[in-house]
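Comments concern the structure below.
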Amino acid sequence: MSAKVLIVLTSHDQLGNTGKPTGFYLSEVSHPVAVFNHAGFTVSYVSPKGGKAPMIGVDLDDPINKAFLNNLENVAQIENTLCPEQIDPAQFDTIFYAGGHGTMWDFPNNSEIANIAATIYEQGGVVGAVCHGPAGLVNLKLSDGTYLVADKEISCFTNEEEAAVGLSDVVPFLLAPKLIEQGATHTKAANFEKHVVVSDRLVTGQNPASATGVAEAIVKLLTPVAV
């Protein structure tokens with residue numbers, strides 16, 4: 001039976017007070033979706049507000065981005081994301097938080113999506129996140145009151161990468177220290193290099209270069225080993 005993936009996209013489209021747009025970062029969706037499709041997985045999308053999710057990082061020189069946007073079904077899905085209340089966690093095997101700076105504003109403290117993720121995890125599913133997507137793990141607690149990230153290794157967009165893109169003072173907080181506060185062990189690679197961490201059934205990636213690897217690790221966790 002095909003595994004079912006719930007991809008979480010940000011609804012936030014303003015980059016702090018800069019006057020610049022933000023949203024989800026296209027390659028952090030298009031590249032994982034290519035992996036999920038190849039594995040025969042079914043993909044659905046949710047966002048905090050539902051409806052059209054704002055998109056950035058539209059590099060059409062990237063053939064995977066181009067193919068994703070040329071697929072009318074993909075475009076319809078990201079322009080009509082589901083609301084959290086429309087989601088039955090029992091229907092999904094994994095939840096994947098896509099990145100993009102918008103996530104830093106509306107992923108943390110979103111109890112509806114956090115509850116979906118906790119339920120998927122506690123029913124034996126996989127939680128994945130890449131780049132700024134791990135903002136969705138901030139304050140995400142399991143039913144016993146512990147943080148999901150507690151005592152797990154994670155990766156996410158680093159302080160050094162945030163400084164390199166000049167947004168350390170624009171984002172509402174720095175992601176890695178926040179997750180460390182909640183009991184995670186943060187590991188990292190050099191700026192913008194691929195880095196994927198698998199810790200139990202939590203899969204996290206550092207940056208856009210890690211998006212494919214996160215999806216591949218999720219597929220591996222959800223694919224039965226042939227005897």
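Residues in the structure tokens are numbered from 1 in each chain, the chains being A, B, ... in the order shown, and ligands are numbered from 1 in the order shown.
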Give me, as a PyMOL selection string, all polymer residues having an atom no more than 12 Å from region 174-179 of chain A, counting only C-alpha atoms and skipping those fewer than 2 positions away in the same chain. chain A and resi 99+101+103-105+107-108+130-140+147-163+167-172+181-188+204-206
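Across the model, the gap from CA of Ala98 (chain A) to CA of Ile56 (chain A) is 12.0 Å.
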Just how far from CA of Lys194 (chain A) is CA of Asp61 (chain A), in Å to one decimal?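 Rounded to one decimal, the two atoms are 20.0 Å apart.
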Just the strand (DSSP E or B) stuff from chain A, please, per backbone DSSP, written as a PyMOL selection string. chain A and resi 4-8+14+21+24-25+42-46+51+55-56+81-82+94-97+126-130+141+147+153-154+185-186+196-199+202-205
Would you kindly return, as a VMD selection string, each protein, DNA or RNA residue with an atom no farther than 12 Å from any atom of region 65-82 of chain A, considering only C-alpha atoms and excluding same-chain residues fewer than 6 positions away? chain A and resid 6 to 11 23 to 35 37 42 to 59 88 113
Please write the residues from the selection above to a file, keeping C-alpha atoms, as a PDB file, in the first residue's frame.
```pdb
ATOM      1  CA  LEU A   6       1.581  15.300   4.575  1.00  0.00           C
ATOM      2  CA  ILE A   7       3.721  18.291   3.568  1.00  0.00           C
ATOM      3  CA  VAL A   8       3.423  21.389   5.745  1.00  0.00           C
ATOM      4  CA  LEU A   9       3.843  24.748   3.996  1.00  0.00           C
ATOM      5  CA  THR A  10       4.013  28.172   5.596  1.00  0.00           C
ATOM      6  CA  SER A  11       1.194  30.676   5.153  1.00  0.00           C
ATOM      7  CA  GLY A  23       7.088  31.879   1.955  1.00  0.00           C
ATOM      8  CA  PHE A  24       8.074  28.270   1.411  1.00  0.00           C
ATOM      9  CA  TYR A  25      11.244  27.613  -0.583  1.00  0.00           C
ATOM     10  CA  LEU A  26      10.342  25.821  -3.795  1.00  0.00           C
ATOM     11  CA  SER A  27      13.241  23.360  -4.036  1.00  0.00           C
ATOM     12  CA  GLU A  28      12.541  22.206  -0.473  1.00  0.00           C
ATOM     13  CA  VAL A  29       9.199  20.958  -1.798  1.00  0.00           C
ATOM     14  CA  SER A  30       9.898  20.067  -5.424  1.00  0.00           C
ATOM     15  CA  HIS A  31      12.974  17.937  -4.703  1.00  0.00           C
ATOM     16  CA  PRO A  32      11.383  15.905  -1.877  1.00  0.00           C
ATOM     17  CA  VAL A  33       8.189  15.467  -3.909  1.00  0.00           C
ATOM     18  CA  ALA A  34      10.247  14.035  -6.780  1.00  0.00           C
ATOM     19  CA  VAL A  35      11.637  11.460  -4.328  1.00  0.00           C
ATOM     20  CA  ASN A  37       6.659  10.326  -6.299  1.00  0.00           C
ATOM     21  CA  THR A  42       0.854   9.961  -2.160  1.00  0.00           C
ATOM     22  CA  VAL A  43       1.393  13.631  -1.241  1.00  0.00           C
ATOM     23  CA  SER A  44      -1.044  16.081   0.396  1.00  0.00           C
ATOM     24  CA  TYR A  45      -0.436  19.628   1.611  1.00  0.00           C
ATOM     25  CA  VAL A  46      -1.500  21.554   4.699  1.00  0.00           C
ATOM     26  CA  SER A  47      -0.707  25.071   5.881  1.00  0.00           C
ATOM     27  CA  PRO A  48      -1.621  27.018   9.021  1.00  0.00           C
ATOM     28  CA  LYS A  49      -4.249  29.074   7.179  1.00  0.00           C
ATOM     29  CA  GLY A  50      -5.074  26.737   4.313  1.00  0.00           C
ATOM     30  CA  GLY A  51      -5.474  27.994   0.768  1.00  0.00           C
ATOM     31  CA  LYS A  52      -2.657  29.365  -1.369  1.00  0.00           C
ATOM     32  CA  ALA A  53       0.798  28.994   0.155  1.00  0.00           C
ATOM     33  CA  PRO A  54       3.283  31.796  -0.698  1.00  0.00           C
ATOM     34  CA  MET A  55       6.318  30.567  -2.627  1.00  0.00           C
ATOM     35  CA  ILE A  56       9.868  31.840  -3.014  1.00  0.00           C
ATOM     36  CA  GLY A  57      13.052  30.446  -4.531  1.00  0.00           C
ATOM     37  CA  VAL A  58      11.526  29.954  -7.974  1.00  0.00           C
ATOM     38  CA  ASP A  59      14.651  28.972  -9.917  1.00  0.00           C
ATOM     39  CA  ASP A  88      -7.005  13.123   9.929  1.00  0.00           C
ATOM     40  CA  ILE A 113      -0.319  21.102  13.212  1.00  0.00           C
TER      41      ILE A 113
END
```
Could you work out how far CA of Cys83 (chain A) lies from CA of Ala3 (chain A), giving the answer in Å with one decimal? 20.8 Å
Best match for closeness to Thr18 (chain A) among A:Ala217, A:Pro63, A:Gly166, A:Leu222, counting only C-alpha atoms: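 Closest to Thr18 (chain A) of all the choices is A:Gly166.
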Option closest in space to Gly213 (chain A), from A:Gly102, A:Asn191, A:Phe36, A:Pro84 [counting only C-alpha atoms]: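 Between A:Gly102, A:Asn191, A:Phe36, A:Pro84, the residue approaching Gly213 (chain A) most closely is A:Phe36.
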With only C-alpha atoms as the atoms that count, which of A:Gly100, A:Gly128, A:Asp106, A:Ala215 lies nearest to Pro21 (chain A)? A:Gly100
Contacts of Ala117 (chain A) at 8 Å (only C-alpha atoms; same-chain gap of 6+ positions) as a PyMOL selection string: chain A and resi 89+95+127
Test item, alpha helix (DSSP H) assignment across region 10-202 of chain A, answer as a ChimeraX atom specification: /A:27-38,63-70,72-79,103-106,111-122,159-164,175-181
